[in-house]
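Colleague: Structure below; questions to follow.
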Amino acid sequence: MAWSTHSRRVTALASCSVLLLACGDSGGREDSSATQSTVSATVTVSVSGTSNPTDATASATVGDSEAVTTGGSNSATEGQTTSGTTGTPVTATDVTSDTTPATEGSTGTGPCPAGQIECDGTTAKVCDGMGGFTSETPCAQACAPGLGCVMCVPGSHQCVGELSQVCSDDGTAWIDEMTCDAVQGLSCDAMSGACIGACAGLGNSYIGCDYYPVVTQQIDGYLGPNPYAVAVANTTAQAANITITQGANPVVMDMVPANSVKIIQLPVVGPLNDGSGPSILLPDGAYRLRSSQPVTVYQYNPLNADVTNDASLMLPVNTWTGNYLVAAWQNWDGINLRGWYSVTASKDNTTVTVKARGGGTPTQAGGGVDGQGNGVVMLNEGDVLQVLTEGGGDLTGTIITADKPIQVLGGHECTQVPIGVTACDHLEESMFPIEALAKEYIVVPPVQVPNDAAEKAVIVRIVAAEANTTLTFEPDQPVNKLLANAGDFVEIPPTIARFVVKADKKILVAEYMVGQDGGYGTSDPAMLLAVPTAQFRKNYLFYAQPAWSANYVDIIAPAGAAVTVDGAPVGNFTPIAASGFSLAHVKLSNAGDGSHSVTGDQGVGISVYGVIDYGSYWYPGGLDLDVIPQ
């Protein structure tokens, strides 16, 4: 038999469905913590110059990247992992013990259905429904089951230099997936066609290697003497090399030792911080922070304890999507301070569409956004769109979509919570992608200071991701239960209630600390996004700046869970209604460098906050960001 450059014969002792499982991956990556599975098949691969192939044994591991790709062009970079030298046929035993001939239907119980396309190497065959074929077509490049002759097998990968490309779902084109960035310790593996290294296949969580810290709107004069900074927590046993740039300009190079946290101060970006408008699009407005090892990043605006600041958990680029809801706060007319949100792109030519709740809300026009908070804007990598309220406006409920992944933060320059209760404080938080939102959350208040036997009141906003969203509360809360439109929200007035909120569609839940003169102890307004119970984790490494009068971590855990903070068991859990979860307020020691850890034998949720006289910060200590079906 002749063996040409573009001809391969693949014969598998597996059903069509098993072949599809091994070869038709769409290119998505599993969480790196997931257990990988081994798939093996009897495979004969024929390439140019081979006239008498011999068999060798190999197995393919399917996990973070495609291990086996059948069909495709003759390039060894199409996601094919084999054992032995190039051109050597590979044989492996099918661990499923399915010996149904490939010409049978996907159920393995008879001939494949009439019209179904099968692949015999690079030959596309159309089933006649009786065990034969109506036609056989040699393919010039590759054959994909169900599609026939294609340019490449959907889901397969190839390297073009250090660019990893994935084959499109219809097999007609190679699509740039990601550049294997040497700064992140990545390289493109010629065998798999995918990026490899410690920063590859990270899964969906707050742990990553590529971040975009963004300076946010703050009262003039507070940043500078009190620095804007990021805390970088290295979650690995290897030192992490940190590179921070802004556009093409290098800013900082640093190193974070294994299992530790380092504070890195960064210059203030004046156009994003100063004044109170207008809305702007600032080219290269964001910093880009890359690491050679997986890390977590928190930003502080400003770093040190002060009367107006807050902190944000930053989300790594690998978790960004193109769909967000905004939680912010209303324009404060008292001294003309603004609610805001910001959008950052990681890729050039990103088209961003913003739609204000209810069709429009008073907004300072600028950067491509009109006076009602609507617009379509083009961003390049590192660009920041910052949108601010006008008198009476509230950007909460704005829906933001993009054709490429983006980051969205929301908050306020400095505001009272509720309006009329002194004093004002800066608010900010990273928005979770709509894909990571859920239908169940547990809402708990923080602890009071100095009387930590009591709890501090919060205002809660619940925002709908879809129209006609119905809410339920356990125990019940006295608010409207039907949100008619996407972006609509209900607001629960100051409360110290602990409750579960559920919905029939996805929701976003935001909490706001009441100002100090509200009568609930020391601290001032700060903002937190509640973490869905479905995104709880078993371990966290986080930072709490020791200069605050008191720092706390609040832990929501399943009843009976064993939890430690900095290695010490937590024993003061109290039940949260009839939810099956319990809450513990744990005061953190300020004697160390601010680095802390939480571990549990079950998934738990945490929030971290600190207070001084008329000042506070608050952020979720971390979460998984898995895609949750609607």
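Chain labels follow the order of the structure tokens: the first chain is A, the next B, and so on; residue numbering restarts at 1 in every chain, and ligands are counted from 1 in their shown order.
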Excluding stretch 496-511 of chain A and any residue of its chain fewer than 4 positions from it, enumerate the residues within 6 Å of it, using only C-alpha atoms, and give them as a list of chain:residue names.

Modeller: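 Listed by chain and then number, they are A:Leu437, A:Ala438, A:Lys439, A:Glu440, A:Tyr441, A:Ile442, A:Val443, A:Val444, A:Pro445, A:Ala457, A:Ile459, A:Val460, A:Arg461, A:Ile462, A:Val463, A:Ala464, A:Ala465, A:Thr469, A:Thr470, A:Leu471, A:Thr472, A:Phe473, A:Glu474, A:Pro475, A:Met527, A:Leu528, A:Leu529, A:Ala530.
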
Colleague: Export C-alpha atoms of the chosen residues as a compact mmCIF listing (two decimals), in the first residue's frame?

Modeller:
```txt
# COMPACT_ATOMS: atom_id res chain seq x y z
CA LEU A 437 -22.77 33.58 38.91
CA ALA A 438 -25.27 31.23 40.52
CA LYS A 439 -28.77 30.96 41.94
CA GLU A 440 -27.89 30.54 45.63
CA TYR A 441 -25.93 32.78 48.01
CA ILE A 442 -25.54 33.10 51.76
CA VAL A 443 -25.51 36.67 53.10
CA VAL A 444 -23.93 37.42 56.48
CA PRO A 445 -22.94 40.68 58.18
CA ALA A 457 -25.30 46.24 59.58
CA ILE A 459 -27.20 47.07 52.85
CA VAL A 460 -27.67 44.25 50.32
CA ARG A 461 -28.35 44.59 46.60
CA ILE A 462 -29.51 41.62 44.51
CA VAL A 463 -29.21 42.12 40.74
CA ALA A 464 -30.93 39.99 38.07
CA ALA A 465 -28.94 38.55 35.18
CA THR A 469 -36.23 36.48 37.96
CA THR A 470 -38.02 35.29 41.10
CA LEU A 471 -36.29 35.50 44.50
CA THR A 472 -36.86 33.55 47.69
CA PHE A 473 -35.26 34.14 51.09
CA GLU A 474 -34.64 31.89 54.10
CA PRO A 475 -35.64 33.51 56.43
CA MET A 527 -18.14 46.83 49.35
CA LEU A 528 -18.19 43.04 48.97
CA LEU A 529 -19.51 40.68 46.31
CA ALA A 530 -21.02 37.61 47.94
```

Colleague: Check stretch 205-295 of chain A with DSSP on the backbone and list each residue it calls helix (DSSP H, G or I), as JSON, numbers by chain.

Modeller: {"A": [270, 271, 272, 273]}

Colleague: Hey, what's within 8 Å of A:Phe432 if we count only C-alpha atoms and toss same-chain stuff fewer than 2 positions away? As a list of chain:residue names, please?

Modeller: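 Once the nearby chain positions are removed, what remains is A:Tyr324, A:Ser430, A:Ile434, A:Ala436, A:Leu437, A:Leu625.
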
Colleague: Could you tell me which of A:Val377, A:Ile219, A:Cys143, A:Pro111 comes closest to A:Met130 if we count only C-alpha atoms?

Modeller: A:Pro111

Colleague: Tell me which of A:Lys587, A:His157, A:Lys355, A:Arg338 sits closest to A:Thr389, counting only C-alpha atoms.

Modeller: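 For A:Thr389, the nearest of the candidates is A:Arg338.
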
Colleague: Where in stretch 208-304 of chain A does DSSP assign strand (DSSP E or B), given as a ChimeraX atom specification?

Modeller: /A:208-211,223,226,228-234,240-246,249-256,261-266,280-282,288-301

Colleague: Which residue out of A:Val183, A:Ile244, A:Ala142, A:Ala454 has the minimum interatomic distance to A:Gln265 when only C-alpha atoms are used?

Modeller: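 When distances to A:Gln265 are compared using only C-alpha atoms, the smallest one comes from A:Ile244.
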
Colleague: Give me the residues near A:Leu385 as an NGL selection string, where near means some atom within 9 Å (using only C-alpha atoms) and where sequence neighbours in that chain fewer than 4 positions away do not count.

Modeller: :A and (279-283 or 285 or 341-344 or 367-368 or 377 or 379)

Colleague: Find the spatial neighbours of A:Trp618, counting only C-alpha atoms, within a cut-off of 8 Å - ignore same-chain residues fewer than 3 positions away - and output them as a list of chain:residue names.

Modeller: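 Residues near the query, excluding close chain neighbours: A:Asp310, A:Ala311, A:Ser312, A:Ala526, A:Met527, A:Leu528, A:Ser607, A:Val608, A:Tyr609, A:Gly610.
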
Colleague: Got a sec: who's within 7 Å of A:Met151, counting only C-alpha atoms, leaving out chain neighbours fewer than 4 positions off, as an mmCIF file with N, CA and C atoms, in the first residue's frame?

Modeller:
```
data_model
loop_
_atom_site.group_PDB
_atom_site.id
_atom_site.type_symbol
_atom_site.label_atom_id
_atom_site.label_comp_id
_atom_site.auth_asym_id
_atom_site.auth_seq_id
_atom_site.Cartn_x
_atom_site.Cartn_y
_atom_site.Cartn_z
ATOM 1 N N GLN A 141 -6.601 17.132 3.408
ATOM 2 C CA GLN A 141 -5.902 17.499 4.637
ATOM 3 C C GLN A 141 -6.318 16.665 5.845
ATOM 4 N N ALA A 142 -7.600 16.597 6.158
ATOM 5 C CA ALA A 142 -8.027 15.878 7.350
ATOM 6 C C ALA A 142 -9.480 15.463 7.200
ATOM 7 N N GLY A 171 -14.083 22.917 11.675
ATOM 8 C CA GLY A 171 -12.922 22.353 11.019
ATOM 9 C C GLY A 171 -12.402 23.143 9.841
ATOM 10 N N THR A 172 -12.842 24.396 9.682
ATOM 11 C CA THR A 172 -12.477 25.161 8.489
ATOM 12 C C THR A 172 -11.286 26.084 8.699
ATOM 13 N N ALA A 173 -10.841 26.273 9.934
ATOM 14 C CA ALA A 173 -9.789 27.262 10.165
ATOM 15 C C ALA A 173 -9.059 26.994 11.471
#
```

Colleague: Applying 6 Å and only C-alpha atoms, which residues near A:Gln184 remain after dropping the ones on its own chain fewer than 2 positions away? List them as a PyMOL selection string.

Modeller: chain A and resi 181-182+186+291-292

Colleague: Rank nothing, just name the residue among A:Glu413, A:Asp169, A:Asp613, A:Asp566 nearest to A:Pro145, using only C-alpha atoms.

Modeller: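 Among the listed residues, A:Asp169 lies closest to A:Pro145.
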
Colleague: Between A:Met191, A:Ala453, A:Val215, A:Ile628, which residue has the minimum interatomic distance to A:Glu435, considering only C-alpha atoms?

Modeller: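 When distances to A:Glu435 are compared using only C-alpha atoms, the smallest one comes from A:Ile628.
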
Colleague: Restricting the calculation to only C-alpha atoms: of A:Ser346, A:Thr179, A:Gln602, A:Ser187, which residue gets closest to A:Trp320?

Modeller: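 Of A:Ser346, A:Thr179, A:Gln602, A:Ser187, the one nearest A:Trp320 is A:Ser346, counting only C-alpha atoms.
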
Colleague: Just how far from atom CA of A:Thr235 is atom CA of A:Thr296, in Å to one decimal?

Modeller: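 If I compute the distance from atom CA of A:Thr296 to atom CA of A:Thr235, I get 7.4 Å.
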